[in-house]
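*Asks:* Quick one, start_12.cif (mmCIF, C-alpha atoms):
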data_coords
#
loop_
_atom_site.label_atom_id
_atom_site.label_comp_id
_atom_site.auth_asym_id
_atom_site.auth_seq_id
_atom_site.Cartn_x
_atom_site.Cartn_y
_atom_site.Cartn_z
CA MET A 15 -20.52 -37.47 -37.04
CA SER A 16 -21.19 -40.87 -38.61
CA GLY A 17 -18.41 -42.33 -40.75
CA ASN A 18 -20.97 -44.35 -42.68
CA ALA A 19 -19.79 -44.73 -46.30
CA ASN A 20 -23.42 -45.23 -47.41
CA ASP A 21 -24.43 -41.86 -46.07
CA LEU A 22 -26.09 -40.09 -48.99
CA ARG A 23 -25.77 -36.63 -47.49
CA THR A 24 -23.17 -34.32 -49.00
CA PRO A 25 -20.19 -33.22 -46.89
CA LEU A 26 -21.71 -29.72 -46.71
CA LYS A 27 -24.98 -31.08 -45.36
CA ARG A 28 -23.12 -33.06 -42.69
CA ALA A 29 -20.98 -30.06 -41.71
CA ARG A 30 -23.90 -27.66 -41.31
CA GLY A 31 -24.90 -26.97 -37.75
CA LEU A 32 -21.55 -28.17 -36.38
CA GLY A 33 -19.79 -24.87 -36.91
CA SER A 34 -19.34 -21.68 -35.00
CA ALA A 35 -21.12 -21.24 -31.69
CA LYS A 36 -21.39 -17.53 -32.64
CA ASP A 37 -19.49 -16.34 -29.59
CA GLY A 38 -16.01 -16.03 -31.12
CA THR A 39 -16.19 -12.24 -31.36
CA GLY A 40 -16.80 -11.91 -27.65
CA HIS A 41 -13.79 -14.13 -26.94
CA PHE A 42 -11.62 -12.01 -29.27
CA ILE A 43 -12.70 -8.72 -27.69
CA VAL A 44 -12.34 -9.87 -24.06
CA GLN A 45 -8.90 -11.32 -24.88
CA ARG A 46 -7.83 -7.85 -26.09
CA ILE A 47 -9.44 -5.95 -23.19
CA THR A 48 -7.76 -8.20 -20.61
CA ALA A 49 -4.48 -7.87 -22.55
CA VAL A 50 -4.58 -4.07 -22.23
CA ALA A 51 -5.51 -4.35 -18.55
CA VAL A 52 -2.65 -6.76 -17.84
CA LEU A 53 -0.29 -4.47 -19.76
CA LEU A 54 -1.22 -1.34 -17.79
CA CYS A 55 -1.29 -3.07 -14.38
CA GLY A 56 1.92 -4.95 -15.25
CA VAL A 57 3.81 -1.73 -16.01
CA TYR A 58 2.60 -0.25 -12.71
CA LEU A 59 3.66 -3.33 -10.73
CA LEU A 60 7.03 -3.48 -12.48
CA GLY A 61 7.50 0.18 -11.52
CA LEU A 62 6.89 -0.87 -7.89
CA LEU A 63 9.37 -3.75 -8.01
CA LEU A 64 12.27 -2.01 -9.75
CA PRO A 65 13.24 0.42 -6.91
CA MET A 66 12.94 -2.33 -4.24
CA THR A 67 16.15 -3.31 -2.47
CA GLY A 68 14.92 -6.71 -1.35
CA LEU A 69 11.69 -8.54 -0.66
CA ASP A 70 11.93 -9.68 2.96
CA TYR A 71 8.60 -10.21 4.76
CA PRO A 72 8.01 -6.66 6.13
CA ARG A 73 8.85 -5.00 2.81
CA ALA A 74 6.82 -7.44 0.68
CA HIS A 75 3.89 -7.22 3.12
CA ALA A 76 3.91 -3.41 3.19
CA LEU A 77 4.15 -3.30 -0.62
CA VAL A 78 1.02 -5.45 -1.09
CA ALA A 79 -0.85 -3.88 1.87
CA ASP A 80 -0.73 -0.38 0.34
CA PRO A 81 -4.34 0.31 -0.77
CA LEU A 82 -3.49 1.53 -4.29
CA ASN A 83 -1.00 -1.31 -4.88
CA ALA A 84 -3.51 -3.87 -3.61
CA THR A 85 -6.17 -2.46 -5.96
CA VAL A 86 -3.91 -2.66 -8.99
CA LEU A 87 -2.71 -6.12 -7.97
CA VAL A 88 -6.28 -7.43 -7.70
CA ALA A 89 -7.07 -5.94 -11.13
CA PHE A 90 -3.90 -7.54 -12.51
CA LEU A 91 -4.81 -10.95 -11.05
CA VAL A 92 -8.42 -10.93 -12.30
CA ALA A 93 -7.46 -9.71 -15.79
CA GLY A 94 -4.41 -12.02 -15.90
CA PHE A 95 -6.19 -15.25 -14.99
CA TRP A 96 -9.10 -14.35 -17.28
CA HIS A 97 -6.61 -13.75 -20.12
CA ALA A 98 -4.87 -17.04 -19.25
CA LYS A 99 -8.18 -18.94 -19.34
CA LEU A 100 -9.07 -17.50 -22.77
CA GLY A 101 -5.61 -18.28 -24.15
CA MET A 102 -5.48 -21.85 -22.84
CA GLN A 103 -9.01 -22.38 -24.19
CA VAL A 104 -7.74 -21.65 -27.72
CA VAL A 105 -4.75 -23.97 -27.23
CA ILE A 106 -7.07 -26.80 -26.11
CA GLU A 107 -9.47 -26.14 -29.00
CA ASP A 108 -6.54 -26.33 -31.44
CA TYR A 109 -4.78 -29.44 -30.16
CA VAL A 110 -7.24 -31.66 -28.24
CA HIS A 111 -9.62 -33.31 -30.68
CA THR A 112 -11.11 -36.15 -28.60
CA PRO A 113 -14.47 -34.82 -27.32
CA LEU A 114 -14.18 -36.40 -23.85
CA LEU A 115 -10.56 -35.33 -23.35
CA ALA A 116 -11.29 -31.84 -24.71
CA GLY A 117 -14.24 -31.48 -22.35
CA ILE A 118 -12.12 -32.51 -19.37
CA ALA A 119 -9.30 -30.16 -20.45
CA HIS A 120 -11.72 -27.20 -20.83
CA LEU A 121 -13.24 -27.87 -17.40
CA ALA A 122 -9.80 -28.21 -15.80
CA ASN A 123 -8.67 -24.97 -17.45
CA ILE A 124 -11.71 -23.04 -16.21
CA PHE A 125 -11.53 -24.47 -12.69
CA VAL A 126 -7.77 -24.00 -12.24
CA CYS A 127 -7.81 -20.40 -13.54
CA ALA A 128 -10.92 -19.47 -11.52
CA LEU A 129 -9.64 -21.06 -8.29
CA ALA A 130 -6.17 -19.52 -8.66
CA ALA A 131 -7.72 -16.10 -9.30
CA ILE A 132 -10.07 -16.39 -6.28
CA ALA A 133 -7.28 -17.67 -3.99
CA SER A 134 -4.89 -14.91 -5.12
CA VAL A 135 -7.45 -12.12 -4.66
CA LEU A 136 -8.37 -13.45 -1.21
CA ALA A 137 -4.67 -13.56 -0.28
CA VAL A 138 -4.23 -9.90 -1.33
CA LEU A 139 -7.36 -8.95 0.66
CA ARG A 140 -6.06 -10.75 3.77
CA ILE A 141 -2.73 -8.93 3.46
CA ALA A 142 -4.37 -5.56 2.82
CA LEU A 143 -6.80 -5.96 5.74
CA GLN A 144 -4.04 -6.95 8.16
CA GLY A 145 -2.75 -3.38 7.76
CA ALA A 146 0.76 -2.28 6.94
CA MET B 115 -15.17 -35.98 -34.91
CA ALA B 116 -13.96 -38.43 -37.56
CA ALA B 117 -12.20 -37.03 -40.60
CA PRO B 118 -14.42 -37.24 -43.68
CA GLU B 119 -13.46 -40.17 -45.93
CA SER B 120 -11.72 -39.31 -49.18
CA ARG B 121 -14.13 -41.48 -51.14
CA VAL B 122 -14.87 -38.85 -53.77
CA ARG B 123 -11.41 -37.78 -54.86
CA GLU B 124 -8.08 -36.84 -53.37
CA ARG B 125 -8.05 -33.17 -52.56
CA PRO B 126 -4.85 -31.15 -52.26
CA LEU B 127 -3.75 -30.89 -48.64
CA SER B 128 -2.88 -27.59 -47.06
CA PRO B 129 0.89 -27.33 -46.58
CA HIS B 130 2.04 -27.81 -43.01
CA LEU B 131 5.08 -26.91 -40.89
CA GLN B 132 7.55 -29.38 -42.37
CA VAL B 133 7.48 -27.86 -45.87
CA TYR B 134 8.38 -24.34 -44.74
CA ARG B 135 11.85 -22.89 -44.34
CA TRP B 136 12.13 -21.46 -40.84
CA GLN B 137 11.60 -17.72 -40.73
CA VAL B 138 11.25 -15.21 -37.94
CA GLN B 139 7.50 -14.68 -38.45
CA MET B 140 6.88 -18.36 -37.62
CA VAL B 141 9.17 -18.17 -34.60
CA THR B 142 7.37 -15.16 -33.11
CA SER B 143 3.97 -16.78 -33.59
CA ILE B 144 5.03 -20.08 -32.02
CA LEU B 145 6.87 -18.31 -29.18
CA HIS B 146 3.82 -16.18 -28.38
CA ARG B 147 1.74 -19.30 -27.79
CA ALA B 148 4.55 -21.15 -26.00
CA THR B 149 5.31 -18.24 -23.65
CA GLY B 150 1.57 -17.85 -23.02
CA ILE B 151 1.39 -21.46 -21.83
CA VAL B 152 4.53 -20.98 -19.70
CA LEU B 153 3.01 -17.83 -18.16
CA VAL B 154 -0.05 -19.76 -16.96
CA PHE B 155 2.37 -21.61 -14.70
CA GLY B 156 4.09 -18.32 -13.86
CA ALA B 157 0.72 -16.94 -12.76
CA LEU B 158 0.19 -20.03 -10.59
CA ALA B 159 3.62 -19.41 -9.03
CA LEU B 160 2.56 -15.81 -8.31
CA ALA B 161 -0.63 -17.18 -6.70
CA TRP B 162 1.54 -19.46 -4.54
CA GLY B 163 3.75 -16.52 -3.49
CA LEU B 164 0.71 -14.45 -2.48
CA GLN B 165 -0.65 -17.36 -0.40
CA ALA B 166 2.74 -17.56 1.33
CA LEU B 167 2.82 -13.82 1.98
CA ALA B 168 -0.72 -13.87 3.41
CA ALA B 169 0.07 -16.87 5.63
CA GLY B 170 2.85 -15.11 7.55
CA PRO B 171 6.63 -14.59 7.87
CA ASP B 172 7.54 -18.30 8.13
CA SER B 173 5.74 -19.42 4.98
CA TRP B 174 7.04 -16.32 3.14
CA ALA B 175 10.59 -17.24 4.19
CA ALA B 176 10.04 -20.78 2.88
CA PHE B 177 8.74 -19.41 -0.43
CA ALA B 178 11.63 -16.91 -0.68
CA GLU B 179 14.13 -19.70 -0.04
CA CYS B 180 12.54 -21.77 -2.81
CA ALA B 181 12.51 -18.83 -5.24
CA GLY B 182 16.07 -17.84 -4.29
CA SER B 183 17.58 -21.29 -4.80
CA ALA B 184 19.61 -21.96 -7.94
CA PHE B 185 16.70 -23.83 -9.52
CA GLY B 186 14.25 -21.15 -8.39
CA ARG B 187 16.36 -18.41 -9.96
CA VAL B 188 16.51 -20.26 -13.29
CA VAL B 189 12.72 -20.71 -13.23
CA LEU B 190 12.18 -17.05 -12.25
CA PHE B 191 14.47 -15.92 -15.06
CA GLY B 192 12.55 -18.14 -17.49
CA PHE B 193 9.21 -16.71 -16.34
CA SER B 194 10.50 -13.15 -16.61
CA TRP B 195 11.81 -13.68 -20.15
CA ALA B 196 8.50 -15.34 -21.15
CA LEU B 197 6.65 -12.33 -19.68
CA ALA B 198 8.94 -9.84 -21.45
CA TYR B 199 8.46 -11.59 -24.79
CA HIS B 200 4.69 -12.07 -24.42
CA LEU B 201 4.40 -8.40 -23.34
CA ILE B 202 6.32 -6.93 -26.28
CA ASN B 203 4.87 -9.31 -28.86
CA GLY B 204 1.43 -8.75 -27.31
CA ILE B 205 1.76 -5.01 -27.95
CA ARG B 206 2.72 -5.91 -31.53
CA HIS B 207 -0.44 -8.04 -31.79
CA LEU B 208 -2.57 -5.14 -30.50
CA LEU B 209 -1.04 -2.83 -33.13
CA GLN B 210 -1.73 -5.47 -35.79
CA ASP B 211 -5.35 -5.62 -34.57
CA GLY B 212 -5.42 -1.92 -35.51
CA GLY B 213 -4.30 -2.84 -39.02
CA LEU B 214 -0.69 -1.68 -38.59
CA GLY B 215 2.50 -3.43 -39.66
CA PHE B 216 1.25 -5.94 -42.21
CA ALA B 217 3.61 -5.01 -45.08
CA ILE B 218 6.13 -7.87 -45.27
CA PRO B 219 9.27 -5.80 -44.48
CA ASP B 220 7.50 -4.21 -41.47
CA PHE B 221 6.24 -7.58 -40.32
CA VAL B 222 9.72 -9.11 -40.41
CA ARG B 223 11.31 -6.08 -38.72
CA ASN B 224 8.67 -6.04 -35.96
CA SER B 225 9.15 -9.77 -35.41
CA TRP B 226 12.85 -9.16 -34.77
CA ILE B 227 11.99 -6.25 -32.45
CA SER B 228 9.86 -8.66 -30.38
CA VAL B 229 12.61 -11.29 -30.15
CA VAL B 230 15.58 -8.97 -29.54
CA GLY B 231 13.53 -6.54 -27.42
CA SER B 232 12.47 -9.31 -25.03
CA PHE B 233 16.13 -10.12 -24.25
CA VAL B 234 17.01 -6.41 -23.87
CA LEU B 235 14.04 -5.81 -21.54
CA VAL B 236 14.73 -8.85 -19.37
CA ALA B 237 18.45 -7.96 -19.15
CA LEU B 238 17.60 -4.37 -18.13
CA VAL B 239 15.11 -5.45 -15.45
CA TRP B 240 17.39 -8.12 -13.95
CA GLY B 241 20.36 -5.73 -14.14
CA ILE B 242 18.50 -3.06 -12.16
CA VAL B 243 17.08 -5.55 -9.64
CA LEU B 244 20.41 -7.28 -9.00
CA MET B 245 22.23 -3.94 -8.59
CA HIS B 246 19.65 -2.77 -6.01
CA TRP B 247 19.57 -6.13 -4.21
CA GLY B 248 23.33 -5.91 -3.56
CA GLN B 249 22.76 -2.68 -1.59
CA ALA B 250 20.06 -4.16 0.63
#
What does the file become when written as structure tokens?

*Replies:*
Amino acid sequence: MSGNANDLRTPLKRARGLGSAKDGTGHFIVQRITAVAVLLCGVYLLGLLLPMTGLDYPRAHALVADPLNATVLVAFLVAGFWHAKLGMQVVIEDYVHTPLLAGIAHLANIFVCALAAIASVLAVLRIALQGA
Amino acid sequence: MAAPESRVRERPLSPHLQVYRWQVQMVTSILHRATGIVLVFGALALAWGLQALAAGPDSWAAFAECAGSAFGRVVLFGFSWALAYHLINGIRHLLQDGGLGFAIPDFVRNSWISVVGSFVLVALVWGIVLMHWGQA
């Protein structure tokens, strides 16, 4: 926006068109859906961890390799990193006001969350396909 | 985007953090965001652990040694408290999305439930885990 003091347009005129991208509702809803998913999967996974008597390699491997556990874990990872991306997006929108820096931060957020989710899901698949 | 110049007249500014007395509602709101940011790194640590587990016994042993060190335990405890808080306060947020708990006394009470409950939950989980681990 121009900071020109001779600009004859009113503040309202200058603000129009710079507002909402009209996709905030979708963000809100997906944030809630992923929250519920993380909650349900998280309770299941916590229920798996609590009776464990250690996490040496065979036990940890067998735990993740179980088909139902692997399914819930993949759901947890996808929903969790999606939820993380949405949350960090809001933090960046709130605190980073320089357009270039904000753009870089948004890209970094998306790429880190997406890559971590893909790498984690692939790791679970490798473990599950190795067999118990 | 540059702030609009105040060439017309000084407008009253919205009050900001420094003029408020600290109260539990502010603490829960700030903690929810702070723990959310912390948990992004917790999720990355989980991703690292899964890579180690997929790569084989040696890399899993290296990861377990890292996580089991004094520093690793402190970090793990921090992540687990952040998760416990974000979980309980997240449930509170979902209930508030349904329109519940907005009367001021309820709001204050539920804020305290989030804060105190997170410590209770994390103590319970670590208590159970450490008791079991001793019998390994």

*Asks:* Find the residues of chain B in contact range of chain A, meaning any atom within 10 Å when counting only C-alpha atoms, and list them as JSON, numbers by chain.

*Replies:* {"B": [115, 116, 117, 118, 119, 121, 147, 148, 150, 151, 153, 154, 155, 157, 158, 159, 160, 161, 162, 163, 164, 165, 166, 167, 168, 169, 170, 171, 172, 173, 174, 175, 178, 197, 201, 202, 204, 205, 207, 208, 211, 239, 240, 241, 242, 243, 244, 245, 246, 247, 248, 249, 250]}

*Asks:* Can you write out the residues you just picked, keeping C-alpha atoms, as a JSON list (two decimals), in the coordinates of the input?

*Replies:*
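Resulting contents of out-v6.json:
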[["chain", "number", "residue", "atom", "x", "y", "z"],
["B", 115, "MET", "CA", -15.17, -35.98, -34.91],
["B", 116, "ALA", "CA", -13.96, -38.43, -37.56],
["B", 117, "ALA", "CA", -12.20, -37.03, -40.60],
["B", 118, "PRO", "CA", -14.42, -37.24, -43.68],
["B", 119, "GLU", "CA", -13.46, -40.17, -45.93],
["B", 121, "ARG", "CA", -14.13, -41.48, -51.14],
["B", 147, "ARG", "CA", 1.74, -19.30, -27.79],
["B", 148, "ALA", "CA", 4.55, -21.15, -26.00],
["B", 150, "GLY", "CA", 1.57, -17.85, -23.02],
["B", 151, "ILE", "CA", 1.39, -21.46, -21.83],
["B", 153, "LEU", "CA", 3.01, -17.83, -18.16],
["B", 154, "VAL", "CA", -0.05, -19.76, -16.96],
["B", 155, "PHE", "CA", 2.37, -21.61, -14.70],
["B", 157, "ALA", "CA", 0.72, -16.94, -12.76],
["B", 158, "LEU", "CA", 0.19, -20.03, -10.59],
["B", 159, "ALA", "CA", 3.62, -19.41, -9.03],
["B", 160, "LEU", "CA", 2.56, -15.81, -8.31],
["B", 161, "ALA", "CA", -0.63, -17.18, -6.70],
["B", 162, "TRP", "CA", 1.54, -19.46, -4.54],
["B", 163, "GLY", "CA", 3.75, -16.52, -3.49],
["B", 164, "LEU", "CA", 0.71, -14.45, -2.48],
["B", 165, "GLN", "CA", -0.65, -17.36, -0.40],
["B", 166, "ALA", "CA", 2.74, -17.56, 1.33],
["B", 167, "LEU", "CA", 2.82, -13.82, 1.98],
["B", 168, "ALA", "CA", -0.72, -13.87, 3.41],
["B", 169, "ALA", "CA", 0.07, -16.87, 5.63],
["B", 170, "GLY", "CA", 2.85, -15.11, 7.55],
["B", 171, "PRO", "CA", 6.63, -14.59, 7.87],
["B", 172, "ASP", "CA", 7.54, -18.30, 8.13],
["B", 173, "SER", "CA", 5.74, -19.42, 4.98],
["B", 174, "TRP", "CA", 7.04, -16.32, 3.14],
["B", 175, "ALA", "CA", 10.59, -17.24, 4.19],
["B", 178, "ALA", "CA", 11.63, -16.91, -0.68],
["B", 197, "LEU", "CA", 6.65, -12.33, -19.68],
["B", 201, "LEU", "CA", 4.40, -8.40, -23.34],
["B", 202, "ILE", "CA", 6.32, -6.93, -26.28],
["B", 204, "GLY", "CA", 1.43, -8.75, -27.31],
["B", 205, "ILE", "CA", 1.76, -5.01, -27.95],
["B", 207, "HIS", "CA", -0.44, -8.04, -31.79],
["B", 208, "LEU", "CA", -2.57, -5.14, -30.50],
["B", 211, "ASP", "CA", -5.35, -5.62, -34.57],
["B", 239, "VAL", "CA", 15.11, -5.45, -15.45],
["B", 240, "TRP", "CA", 17.39, -8.12, -13.95],
["B", 241, "GLY", "CA", 20.36, -5.73, -14.14],
["B", 242, "ILE", "CA", 18.50, -3.06, -12.16],
["B", 243, "VAL", "CA", 17.08, -5.55, -9.64],
["B", 244, "LEU", "CA", 20.41, -7.28, -9.00],
["B", 245, "MET", "CA", 22.23, -3.94, -8.59],
["B", 246, "HIS", "CA", 19.65, -2.77, -6.01],
["B", 247, "TRP", "CA", 19.57, -6.13, -4.21],
["B", 248, "GLY", "CA", 23.33, -5.91, -3.56],
["B", 249, "GLN", "CA", 22.76, -2.68, -1.59],
["B", 250, "ALA", "CA", 20.06, -4.16, 0.63]]

*Asks:* Expressed in Å to a single decimal, how great is the separation between CA of Gly213 (chain B) and CA of Gln139 (chain B)?

*Replies:*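 Result for CA of Gly213 (chain B) versus CA of Gln139 (chain B): 16.7 Å, one decimal.
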
*Asks:* If the PyMOL selection byres ((chain B and resi 230) around 12) were run on this exact file, what residues would it hold? Put them as a VMD selection string.

*Replies:* chain B and resid 138 142 195 198 to 199 202 to 203 223 to 229 231 to 237

*Asks:* Specify the axis-aligned box that encloses all atoms of region 53-69 of chain A listed in the file after padding of 3 Å on each side, stating its centre and edge lengths in Å to one decimal as JSON.

*Replies:*
{"center_x": 7.4, "center_y": -4.1, "center_z": -10.2, "size_x": 23.4, "size_y": 15.0, "size_z": 25.1}

*Asks:* Please report the interatomic distance between CA of Val92 (chain A) and CA of Leu238 (chain B) in Å with one decimal.

*Replies:*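 Distance reported for this atom pair: 27.5 Å.
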
*Asks:* Which distance in Å separates CA of Trp136 (chain B) and CA of Phe221 (chain B), to one decimal?

*Replies:*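 Here the two named atoms are 15.1 Å from each other.
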
*Asks:* Find, counting all atoms listed in the file, the residue in B:Val188, B:Val222, B:Cys180, B:Leu209 that gets nearest to Ser143 (chain B).

*Replies:*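 Using all atoms listed in the file, the shortest distance to Ser143 (chain B) belongs to B:Val222.
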